[in-house]
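Source file: entry-v7.txt (compact mmCIF, C-alpha atoms)
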```txt
# COMPACT_ATOMS: atom_id res chain seq x y z
CA MET Q 1 -44.46 113.15 97.33
CA ALA Q 2 -43.47 109.80 98.81
CA ALA Q 3 -39.81 109.29 99.58
CA GLY Q 4 -39.98 105.79 98.18
CA HIS Q 5 -40.88 107.06 94.76
CA HIS Q 6 -37.35 106.65 93.44
CA HIS Q 7 -36.31 103.09 93.09
CA ILE Q 8 -33.87 102.20 95.85
CA ILE Q 9 -31.49 99.57 94.55
CA PRO Q 10 -30.87 96.91 97.22
CA ILE Q 11 -27.36 96.63 98.64
CA ARG Q 12 -27.28 92.98 97.62
CA THR Q 13 -27.79 93.88 93.97
CA LEU Q 14 -25.09 96.55 94.09
CA GLY Q 15 -22.67 94.17 95.84
CA PHE Q 16 -23.39 91.44 93.33
CA VAL Q 17 -22.72 93.76 90.40
CA PHE Q 18 -19.48 94.93 91.98
CA GLY Q 19 -18.39 91.30 92.41
CA VAL Q 20 -19.17 90.52 88.78
CA LEU Q 21 -17.24 93.60 87.63
CA ILE Q 22 -14.16 92.47 89.54
CA MET Q 23 -14.45 88.95 88.11
CA LEU Q 24 -14.71 90.36 84.59
CA THR Q 25 -11.60 92.47 85.21
CA ILE Q 26 -9.69 89.35 86.22
CA LEU Q 27 -11.08 87.54 83.19
CA THR Q 28 -9.93 90.25 80.79
CA VAL Q 29 -6.42 90.20 82.25
CA VAL Q 30 -6.21 86.41 82.07
CA THR Q 31 -7.53 86.15 78.52
CA SER Q 32 -5.23 88.91 77.31
CA ARG Q 33 -2.23 86.86 78.44
CA ILE Q 34 -3.29 83.92 76.32
CA ASP Q 35 -2.59 84.26 72.63
CA LEU Q 36 -5.95 83.90 70.92
CA GLY Q 37 -4.78 85.37 67.64
CA VAL Q 38 -7.32 87.69 66.07
CA LEU Q 39 -9.79 86.96 68.87
CA ASN Q 40 -7.89 88.85 71.58
CA VAL Q 41 -9.12 92.30 70.64
CA PRO Q 42 -12.81 91.46 70.09
CA LEU Q 43 -12.86 89.45 73.31
CA ALA Q 44 -11.34 92.27 75.38
CA LEU Q 45 -13.79 94.73 73.85
CA ALA Q 46 -16.72 92.40 74.52
CA ILE Q 47 -15.74 92.08 78.17
CA ALA Q 48 -15.30 95.83 78.50
CA GLY Q 49 -18.67 96.34 76.81
CA GLY Q 50 -20.30 93.95 79.26
CA LYS Q 51 -18.77 95.77 82.21
CA ALA Q 52 -19.86 99.14 80.85
CA LEU Q 53 -23.38 97.84 80.34
CA LEU Q 54 -23.55 96.59 83.93
CA VAL Q 55 -22.38 99.93 85.27
CA ALA Q 56 -24.88 101.80 83.11
CA LEU Q 57 -27.85 99.55 83.89
CA ILE Q 58 -27.38 99.07 87.62
CA PHE Q 59 -24.99 101.65 89.06
CA MET Q 60 -26.36 104.39 86.84
CA ALA Q 61 -29.82 102.87 87.34
CA LEU Q 62 -30.88 103.02 83.70
CA LYS Q 63 -32.72 99.77 84.23
CA TYR Q 64 -35.13 101.45 86.66
CA ASP Q 65 -35.08 104.88 85.12
CA ASN Q 66 -37.17 106.91 82.78
CA PRO Q 67 -36.30 105.29 79.40
CA VAL Q 68 -35.53 108.66 77.83
CA ASN Q 69 -32.14 108.66 79.59
CA ALA Q 70 -31.24 105.31 78.07
CA LEU Q 71 -32.31 106.63 74.69
CA VAL Q 72 -29.99 109.62 75.03
CA LEU Q 73 -27.09 107.34 75.91
CA LEU Q 74 -27.91 105.03 73.03
CA LEU Q 75 -27.93 107.92 70.56
CA GLY Q 76 -24.53 109.03 71.78
CA VAL Q 77 -23.12 105.54 71.38
CA VAL Q 78 -24.64 105.19 67.90
CA PHE Q 79 -22.95 108.39 66.78
CA ALA Q 80 -19.63 107.31 68.24
CA VAL Q 81 -19.92 104.06 66.26
CA VAL Q 82 -20.80 105.94 63.05
CA PHE Q 83 -17.76 108.16 63.61
CA LEU Q 84 -15.48 105.18 64.13
CA THR Q 85 -16.83 103.18 61.20
CA LEU Q 86 -16.71 105.97 58.64
CA THR Q 87 -13.21 106.98 59.66
CA LEU Q 88 -11.88 103.45 59.49
CA THR Q 89 -13.55 102.87 56.13
CA ASP Q 90 -11.51 105.77 54.88
CA THR Q 91 -8.17 105.02 56.50
CA GLU Q 92 -8.33 101.28 55.85
CA LEU Q 93 -9.72 101.25 52.32
CA ARG Q 94 -7.89 104.26 50.98
CA GLY Q 95 -5.55 102.00 49.03
CA THR Q 96 -2.98 103.72 46.90
CA LEU Q 97 -5.30 106.57 46.06
CA GLY Q 98 -3.31 109.73 46.24
CA ILE Q 99 -0.03 108.08 45.39
CA THR Q 100 0.69 109.47 41.97
CA GLU Q 101 4.27 110.56 41.71
CA SER Q 102 7.12 111.06 44.06
CA GLY Q 103 7.23 114.29 45.97
CA THR Q 104 3.58 115.27 45.73
CA THR Q 105 2.20 111.92 46.74
CA ILE Q 106 3.22 111.96 50.31
CA LEU Q 107 1.12 115.01 51.01
CA GLU Q 108 -2.02 113.17 50.06
CA GLY Q 109 -1.04 109.65 50.88
CA GLY Q 110 -2.31 109.75 54.42
CA HIS Q 111 0.86 108.39 55.94
CA THR Q 112 2.58 111.71 55.86
CA GLU Q 113 3.45 112.05 59.51
CA GLU Q 114 4.48 108.47 59.84
CA ALA Q 115 6.63 108.47 56.79
CA GLU Q 116 8.31 111.61 58.00
CA GLN Q 117 8.92 110.06 61.32
CA ALA Q 118 10.21 106.87 59.85
CA VAL Q 119 12.83 108.45 57.72
CA GLU Q 120 14.89 111.51 57.45
CA MET Q 121 13.82 111.98 53.91
CA PRO Q 122 16.58 112.83 51.49
CA ALA Q 123 15.37 115.11 48.75
CA PRO Q 124 13.84 113.02 46.01
CA ALA Q 125 16.49 113.76 43.47
CA THR Q 126 16.79 112.00 40.20
CA GLY Q 127 19.77 110.04 39.11
CA THR Q 128 20.64 106.42 39.41
CA LEU Q 129 21.57 104.19 42.26
CA PRO Q 130 25.07 102.83 42.53
CA VAL Q 131 25.31 99.52 40.73
CA ALA Q 132 28.52 98.48 42.39
CA ASN Q 133 27.53 99.33 45.94
CA PRO Q 134 24.16 97.77 46.81
CA GLU Q 135 25.00 97.92 50.51
CA GLU Q 136 24.94 101.69 50.39
CA THR Q 137 21.55 101.59 48.70
CA PHE Q 138 20.29 99.29 51.41
CA GLU Q 139 21.63 101.50 54.19
CA THR Q 140 20.03 104.58 52.66
CA TYR Q 141 16.66 103.23 51.70
CA CYS Q 142 15.89 100.02 53.51
CA ALA Q 143 17.80 99.73 56.78
CA LEU Q 144 15.30 101.95 58.57
CA CYS Q 145 12.76 99.20 58.43
CA HIS Q 146 14.65 95.99 57.68
CA ASN Q 147 17.61 94.12 59.05
CA PHE Q 148 19.29 90.78 58.63
CA THR Q 149 19.52 89.93 62.31
CA GLY Q 150 16.20 88.14 62.55
CA GLU Q 151 14.50 90.86 64.54
CA THR Q 152 11.24 92.35 63.45
CA ALA Q 153 11.52 96.08 63.00
CA VAL Q 154 9.03 98.25 61.16
CA GLY Q 155 9.19 95.73 58.36
CA PRO Q 156 9.89 91.99 58.50
CA THR Q 157 13.46 90.80 58.84
CA LEU Q 158 15.15 89.91 55.58
CA MET Q 159 17.37 87.32 57.22
CA GLY Q 160 17.70 84.28 55.00
CA LEU Q 161 15.39 85.79 52.42
CA GLY Q 162 17.55 84.43 49.61
CA ASP Q 163 16.92 80.91 50.87
CA ARG Q 164 13.21 81.45 51.17
CA GLN Q 165 12.38 83.25 47.96
CA PRO Q 166 13.51 83.33 44.36
CA SER Q 167 14.88 86.65 43.20
CA ASP Q 168 11.81 87.30 41.05
CA SER Q 169 9.58 87.41 44.07
CA ILE Q 170 12.08 89.55 46.02
CA ARG Q 171 12.01 91.91 43.09
CA ALA Q 172 8.21 91.98 43.16
CA SER Q 173 8.23 92.64 46.93
CA ILE Q 174 10.41 95.68 46.36
CA MET Q 175 8.88 97.07 43.20
CA GLU Q 176 5.26 96.45 44.17
CA PRO Q 177 5.18 96.12 47.94
CA ASP Q 178 1.41 96.45 48.05
CA ALA Q 179 0.72 93.56 45.68
CA VAL Q 180 1.27 91.12 48.54
CA ILE Q 181 1.16 92.39 52.09
CA ILE Q 182 2.65 90.16 54.72
CA SER Q 183 0.02 89.80 57.38
CA GLY Q 184 0.50 91.92 60.47
CA TYR Q 185 2.28 94.69 58.59
CA PRO Q 186 0.79 97.97 57.48
CA PRO Q 187 0.06 98.26 53.79
CA GLN Q 188 1.46 101.15 51.78
CA LEU Q 189 4.11 102.00 54.31
CA MET Q 190 7.04 100.68 52.31
CA SER Q 191 5.73 101.91 48.97
CA THR Q 192 4.87 105.39 50.26
CA THR Q 193 8.20 105.80 51.98
CA LEU Q 194 10.31 104.56 49.09
CA ASN Q 195 8.28 106.66 46.71
CA ALA Q 196 8.81 109.76 48.80
CA MET Q 197 12.52 109.10 48.92
CA GLY Q 198 12.60 108.91 45.18
CA PHE Q 199 13.76 105.31 45.20
CA TYR Q 200 11.49 104.25 42.38
CA SER Q 201 12.56 107.03 40.08
CA LYS Q 202 16.22 106.26 40.62
CA VAL Q 203 16.33 102.50 40.54
CA ASP Q 204 17.12 100.84 37.24
CA ASP Q 205 17.54 97.24 36.17
CA ALA Q 206 21.25 97.07 36.86
CA SER Q 207 21.13 98.54 40.37
CA MET Q 208 18.09 96.43 41.18
CA ASP Q 209 19.87 93.23 40.15
CA THR Q 210 22.87 93.89 42.36
CA LEU Q 211 20.64 94.96 45.27
CA ILE Q 212 18.63 91.75 45.08
CA ALA Q 213 21.74 89.64 44.77
CA TRP Q 214 23.25 91.37 47.78
CA ILE Q 215 20.09 90.96 49.90
CA ALA Q 216 19.87 87.29 48.95
CA SER Q 217 23.47 86.76 49.98
CA GLN Q 218 23.01 88.14 53.50
CA MET Y 1 -40.38 116.86 105.32
CA SER Y 2 -41.27 118.28 101.97
CA LEU Y 3 -39.42 120.52 99.60
CA SER Y 4 -39.35 124.16 100.38
CA PRO Y 5 -40.81 126.34 97.64
CA SER Y 6 -37.41 127.88 97.00
CA THR Y 7 -35.94 124.48 96.16
CA LEU Y 8 -38.67 123.78 93.64
CA LYS Y 9 -38.14 126.09 90.70
CA HIS Y 10 -41.29 127.84 89.61
CA TYR Y 11 -41.18 126.39 86.11
CA PHE Y 12 -41.58 122.84 87.40
CA THR Y 13 -44.85 121.51 88.67
CA THR Y 14 -43.50 118.74 90.89
CA PRO Y 15 -40.16 117.92 92.54
CA GLU Y 16 -40.27 114.71 90.58
CA GLN Y 17 -40.37 116.56 87.32
CA GLN Y 18 -37.53 118.80 88.43
CA PHE Y 19 -35.42 115.79 89.39
CA ASP Y 20 -36.06 114.04 86.08
CA ALA Y 21 -35.20 117.17 84.13
CA ALA Y 22 -31.93 117.60 86.01
CA LYS Y 23 -31.06 114.00 85.31
CA LEU Y 24 -31.87 114.24 81.63
CA GLY Y 25 -29.64 117.31 81.45
CA MET Y 26 -26.85 115.33 83.06
CA TRP Y 27 -27.26 112.51 80.57
CA LEU Y 28 -27.02 114.96 77.70
CA PHE Y 29 -23.78 116.25 79.18
CA LEU Y 30 -22.49 112.70 79.58
CA VAL Y 31 -23.16 112.05 75.90
CA THR Y 32 -20.97 115.01 74.97
CA GLU Y 33 -18.29 113.46 77.18
CA ILE Y 34 -18.64 110.17 75.34
CA LEU Y 35 -18.24 111.99 72.03
CA LEU Y 36 -15.20 113.84 73.34
CA PHE Y 37 -13.51 110.57 74.22
CA SER Y 38 -14.72 108.87 71.05
CA GLY Y 39 -12.49 111.21 69.03
CA MET Y 40 -9.51 109.87 70.92
CA PHE Y 41 -10.68 106.27 70.63
CA VAL Y 42 -10.94 106.75 66.87
CA ALA Y 43 -7.39 108.11 66.72
CA TYR Y 44 -6.30 105.05 68.67
CA ALA Y 45 -8.16 102.71 66.31
CA VAL Y 46 -6.70 104.29 63.16
CA TYR Y 47 -3.09 104.19 64.36
CA ARG Y 48 -3.50 100.75 65.79
CA ALA Y 49 -4.91 99.46 62.51
CA TRP Y 50 -1.96 100.97 60.67
CA HIS Y 51 0.73 99.72 63.03
CA PRO Y 52 -0.56 96.75 64.97
CA GLU Y 53 2.88 95.34 65.74
CA VAL Y 54 4.21 98.65 67.04
CA PHE Y 55 1.18 99.12 69.29
CA ALA Y 56 1.47 95.57 70.61
CA HIS Y 57 5.13 96.11 71.40
CA ALA Y 58 4.79 99.60 72.88
CA SER Y 59 1.95 98.58 75.17
CA GLU Y 60 4.30 96.12 76.88
CA LEU Y 61 5.94 99.12 78.46
CA LEU Y 62 2.77 99.85 80.40
CA ASP Y 63 2.48 97.86 83.60
CA TRP Y 64 -0.80 95.93 83.49
CA ARG Y 65 -0.57 95.36 87.26
CA LEU Y 66 -0.75 99.10 87.95
CA GLY Y 67 -3.47 99.52 85.34
CA GLY Y 68 -5.36 96.58 86.84
CA LEU Y 69 -5.00 97.98 90.35
CA ASN Y 70 -6.44 101.27 89.16
CA THR Y 71 -9.30 99.44 87.48
CA VAL Y 72 -10.20 97.73 90.74
CA VAL Y 73 -9.86 101.01 92.65
CA LEU Y 74 -12.19 102.82 90.26
CA LEU Y 75 -14.73 100.00 90.29
CA ALA Y 76 -14.69 100.09 94.08
CA SER Y 77 -15.30 103.84 94.01
CA SER Y 78 -18.25 103.36 91.67
CA PHE Y 79 -19.60 100.83 94.14
CA THR Y 80 -19.25 103.24 97.08
CA VAL Y 81 -20.98 105.99 95.09
CA ALA Y 82 -23.86 103.66 94.23
CA LEU Y 83 -24.12 102.75 97.93
CA SER Y 84 -24.09 106.40 98.94
CA ILE Y 85 -27.12 106.98 96.74
CA HIS Y 86 -28.82 103.98 98.30
CA PHE Y 87 -28.32 105.48 101.77
CA VAL Y 88 -29.17 109.05 100.88
CA GLN Y 89 -32.47 107.71 99.56
CA LYS Y 90 -33.03 106.12 102.96
CA GLY Y 91 -31.98 109.25 104.82
CA GLU Y 92 -28.96 107.62 106.53
CA ASN Y 93 -26.66 110.55 106.01
CA ASP Y 94 -23.84 109.39 108.31
CA LYS Y 95 -23.25 106.45 106.03
CA VAL Y 96 -23.42 108.75 103.02
CA THR Y 97 -20.61 110.86 104.47
CA VAL Y 98 -18.40 107.84 105.08
CA LEU Y 99 -19.07 106.41 101.63
CA LEU Y 100 -18.34 109.68 99.86
CA ILE Y 101 -15.08 110.04 101.76
CA LEU Y 102 -14.18 106.48 100.75
CA THR Y 103 -14.91 107.40 97.15
CA LEU Y 104 -12.66 110.41 97.45
CA LEU Y 105 -9.92 108.18 98.84
CA CYS Y 106 -10.23 105.74 95.95
CA ALA Y 107 -9.95 108.61 93.50
CA ALA Y 108 -6.84 109.82 95.32
CA ILE Y 109 -5.27 106.35 95.18
CA PHE Y 110 -5.99 106.28 91.46
CA MET Y 111 -4.18 109.58 90.95
CA VAL Y 112 -1.20 108.52 93.06
CA VAL Y 113 -0.79 105.36 91.01
CA LYS Y 114 -1.04 107.42 87.83
CA TYR Y 115 1.58 109.78 89.19
CA PHE Y 116 4.02 106.90 89.66
CA GLU Y 117 3.23 105.54 86.23
CA TYR Y 118 3.78 108.89 84.54
CA SER Y 119 6.98 109.75 86.38
CA GLY Y 120 8.36 106.28 85.65
CA LYS Y 121 7.83 106.99 81.97
CA PHE Y 122 9.20 110.55 82.07
CA ASP Y 123 12.37 109.35 83.84
CA HIS Y 124 13.16 107.30 80.78
CA GLY Y 125 12.32 109.93 78.21
CA VAL Y 126 8.93 108.49 77.33
CA PHE Y 127 7.15 111.78 76.66
CA PRO Y 128 4.21 112.63 74.46
CA GLY Y 129 4.96 114.21 71.12
CA ALA Y 130 8.28 115.35 69.75
CA ALA Y 131 10.12 114.99 73.07
CA PHE Y 132 9.78 111.22 72.83
CA ALA Y 133 13.27 109.76 73.35
CA PRO Y 134 13.22 106.55 75.39
CA HIS Y 135 16.51 105.62 77.01
CA GLY Y 136 17.95 103.75 79.98
CA GLU Y 137 16.83 100.57 81.66
CA GLY Y 138 14.37 99.79 84.39
CA GLY Y 139 11.64 97.39 85.44
CA GLY Y 140 13.03 94.72 83.15
CA HIS Y 141 12.72 96.97 80.12
CA ASP Y 142 15.44 98.24 77.86
CA TYR Y 143 13.77 101.51 76.97
CA ALA Y 144 15.93 102.09 73.91
CA GLU Y 145 14.17 99.11 72.37
CA TYR Y 146 11.01 101.20 72.24
CA ASP Y 147 12.61 103.94 70.21
CA MET Y 148 11.06 102.69 67.01
CA PRO Y 149 9.00 104.48 64.38
CA PHE Y 150 5.37 105.04 65.41
CA ALA Y 151 5.92 104.11 69.06
CA ALA Y 152 5.70 107.84 69.76
CA GLN Y 153 2.14 107.82 68.41
CA PHE Y 154 1.17 105.12 70.84
CA PHE Y 155 2.55 107.02 73.80
CA SER Y 156 1.07 110.33 72.70
CA ILE Y 157 -2.32 108.67 72.52
CA TYR Y 158 -1.70 107.04 75.89
CA PHE Y 159 -0.78 110.31 77.57
CA VAL Y 160 -3.57 112.34 76.03
CA MET Y 161 -6.27 109.79 76.78
CA THR Y 162 -5.21 108.96 80.32
CA GLY Y 163 -4.37 112.63 80.93
CA ILE Y 164 -7.82 113.87 80.00
CA HIS Y 165 -9.32 110.99 81.93
CA GLY Y 166 -7.15 111.97 84.91
CA VAL Y 167 -8.44 115.54 84.74
CA HIS Y 168 -11.93 114.10 84.99
CA VAL Y 169 -10.90 112.18 88.09
CA LEU Y 170 -9.55 115.38 89.64
CA VAL Y 171 -12.78 117.20 88.88
CA GLY Y 172 -14.66 114.29 90.45
CA MET Y 173 -12.53 114.60 93.59
CA GLY Y 174 -13.46 118.26 93.86
CA LEU Y 175 -17.13 117.39 93.47
CA PHE Y 176 -17.00 114.68 96.13
CA ALA Y 177 -15.24 116.98 98.60
CA TRP Y 178 -17.98 119.55 97.98
CA LEU Y 179 -20.69 116.90 98.43
CA VAL Y 180 -19.18 115.77 101.73
CA THR Y 181 -19.41 119.29 103.15
CA ARG Y 182 -23.00 119.52 102.00
CA VAL Y 183 -24.04 116.19 103.52
CA ILE Y 184 -22.44 117.25 106.78
CA ARG Y 185 -24.36 120.53 106.65
CA GLY Y 186 -27.54 118.48 106.25
CA HIS Y 187 -28.42 119.67 102.78
CA PHE Y 188 -29.66 116.35 101.50
CA SER Y 189 -32.69 114.26 102.30
CA PRO Y 190 -34.58 111.41 100.63
CA GLU Y 191 -36.74 114.13 99.07
CA TRP Y 192 -33.85 116.05 97.59
CA TYR Y 193 -30.40 114.71 96.77
CA THR Y 194 -30.02 115.73 93.13
CA PRO Y 195 -26.32 116.75 93.38
CA VAL Y 196 -25.38 113.35 94.80
CA GLU Y 197 -27.27 111.59 92.05
CA LEU Y 198 -25.76 113.69 89.25
CA THR Y 199 -22.20 113.51 90.56
CA GLY Y 200 -22.71 109.76 90.85
CA LEU Y 201 -23.68 109.56 87.17
CA TYR Y 202 -20.62 111.58 86.21
CA TRP Y 203 -18.38 109.35 88.26
CA HIS Y 204 -19.74 106.15 86.75
CA LEU Y 205 -19.03 107.51 83.30
CA VAL Y 206 -15.44 108.25 84.27
CA ASP Y 207 -15.29 104.64 85.42
CA ILE Y 208 -16.75 103.35 82.15
CA ILE Y 209 -14.15 105.26 80.11
CA TRP Y 210 -11.41 103.63 82.16
CA ILE Y 211 -13.02 100.22 81.66
CA PHE Y 212 -12.21 100.66 77.96
CA LEU Y 213 -8.86 102.37 78.37
CA PHE Y 214 -7.43 99.63 80.53
CA PRO Y 215 -7.60 96.73 78.06
CA LEU Y 216 -6.94 98.89 75.00
CA LEU Y 217 -3.79 100.49 76.38
CA TYR Y 218 -2.38 97.99 78.85
CA LEU Y 219 -3.49 94.58 77.70
CA ILE Y 220 -3.88 94.16 73.96
```

As structure tokens, how would this structure be written, given the file I've shared?
Amino acid sequence: MAAGHHHIIPIRTLGFVFGVLIMLTILTVVTSRIDLGVLNVPLALAIAGGKALLVALIFMALKYDNPVNALVLLLGVVFAVVFLTLTLTDTELRGTLGITESGTTILEGGHTEEAEQAVEMPAPATGTLPVANPEETFETYCALCHNFTGETAVGPTLMGLGDRQPSDSIRASIMEPDAVIISGYPPQLMSTTLNAMGFYSKVDDASMDTLIAWIASQ
Amino acid sequence: MSLSPSTLKHYFTTPEQQFDAAKLGMWLFLVTEILLFSGMFVAYAVYRAWHPEVFAHASELLDWRLGGLNTVVLLASSFTVALSIHFVQKGENDKVTVLLILTLLCAAIFMVVKYFEYSGKFDHGVFPGAAFAPHGEGGGHDYAEYDMPFAAQFFSIYFVMTGIHGVHVLVGMGLFAWLVTRVIRGHFSPEWYTPVELTGLYWHLVDIIWIFLFPLLYLI
């Protein structure tokens, strides 16, 4: 059995690949510091994929190897992609499925943990919200995610909202948060949380009117 | 020099066949490793898709310079491993020893950097899971700013993924130390170096996982 039977990869090739890998690392750092909008993530993943491919083909010698090894790797990757795709199709397209009524909904809504973490949930009691004290309502139900200071918290800031939007659309944002989702924010979060807190079963026209008026005046 | 009969298992007809079988077995193991990590990558993807702004903000707390340094260190170690296989195939075992020790050193540097990164986080209450309670200031960060809903998920994912990856690095270090003693004892030749080849494959996979972890956790 000749010693030269296994392909010996020349040092030059290995050195070249190493050089390219370092360049790609620099490239991924540089591009991540430029704001490319939605392109940042795909670009970083493409660069990482390219680096991984180089390592697999040359350092791991798949290029020179018995193709069955490459096939095994490919199968593994295919299954990882299937796993990722099916899971994301569920978590992203779940919609409001499972949100039926307050109390039970949160268990099926999929955002259970997060909602729990976001709020110390008061028991979803029934009753009405104070008409005369919208600030208290805001502190109890909204302040966890919104403020009027201009900073982005879990939800967008409501600073100057009254100048930007008529009260009808503020009302719609509160009563049906999922009808229009402001880009960059998670859908369902506000509706699930408020639902779990029993906000929707307690709010009535009068308390809603004062709440909207108060928010608009901030 | 040819293989001694004891090295060639009786159920293989040629050393070549035995080598290929060992390698295929290693690849199958590597695929299970990929699937192990894919579970964590999926968790990352789901939470990131749900809370993109929180993930973007929380990742600022990770120092891309340290992550980048570790990327370069791991790539260098993959390079030295690839070179060691080149030289073991040529029978230049002295160089193999040096290269494997260099690899071990790179792995150690990686772990030291990770140690500093972890302890820097722990000092400010950035723990995985329920203990998450960021506080204090340091490195230009006001840690309290990161005490927002869902940031804990990001850091739990960070610690679990880099932690399991780090365990793989430690295992790799053990393997390289073992290989060094075997090269020195003259166990390997161009005819037989299967353990070097297989450990090399393992190490490259550990590198590949980090190639994905670095941008996903530190950069974007």

Check: What residues in chain Y have any atom no more than 6 Å from chain Q when counting all atoms listed in the file, and can you write them as a PyMOL selection string?
Finding: chain Y and resi 24+31+38+42+50-51+82+86+149+190-191+201+208+211-212+219

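Picture a line from CA of Trp210 in chain Y to CA of Ile157 in chain Y; it runs 14.2 Å.
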
Check: Which distance in Å separates CA of Gln18 in chain Y and CA of Val183 in chain Y, to one decimal?
Finding: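 A separation of 20.4 Å between them.
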
Find the residues around range 165-169 of chain Q up to 12 Å (only C-alpha atoms counted), leave out those fewer than 2 positions away in its own chain, and share them as a compact mmCIF listing (two decimals) with C-alpha atoms, in the frame of the given file.
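Output contents, as saved in out-v2.txt:
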```txt
# COMPACT_ATOMS: atom_id res chain seq x y z
CA LEU Q 158 15.15 89.91 55.58
CA MET Q 159 17.37 87.32 57.22
CA GLY Q 160 17.70 84.28 55.00
CA LEU Q 161 15.39 85.79 52.42
CA GLY Q 162 17.55 84.43 49.61
CA ASP Q 163 16.92 80.91 50.87
CA ARG Q 171 12.01 91.91 43.09
CA ALA Q 172 8.21 91.98 43.16
CA SER Q 173 8.23 92.64 46.93
CA ILE Q 174 10.41 95.68 46.36
CA MET Q 175 8.88 97.07 43.20
CA GLU Q 176 5.26 96.45 44.17
CA PRO Q 177 5.18 96.12 47.94
CA ALA Q 179 0.72 93.56 45.68
CA VAL Q 180 1.27 91.12 48.54
CA MET Q 208 18.09 96.43 41.18
CA ASP Q 209 19.87 93.23 40.15
CA THR Q 210 22.87 93.89 42.36
CA LEU Q 211 20.64 94.96 45.27
CA ILE Q 212 18.63 91.75 45.08
CA ALA Q 213 21.74 89.64 44.77
CA TRP Q 214 23.25 91.37 47.78
CA ILE Q 215 20.09 90.96 49.90
CA ALA Q 216 19.87 87.29 48.95
CA SER Q 217 23.47 86.76 49.98
```

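Minimum atom-to-atom distances from Y:Leu198, Y:Met111, Y:Met173, Y:Val180 to Leu28 in chain Y were compared using only C-alpha atoms, and the lowest value belongs to Y:Leu198.
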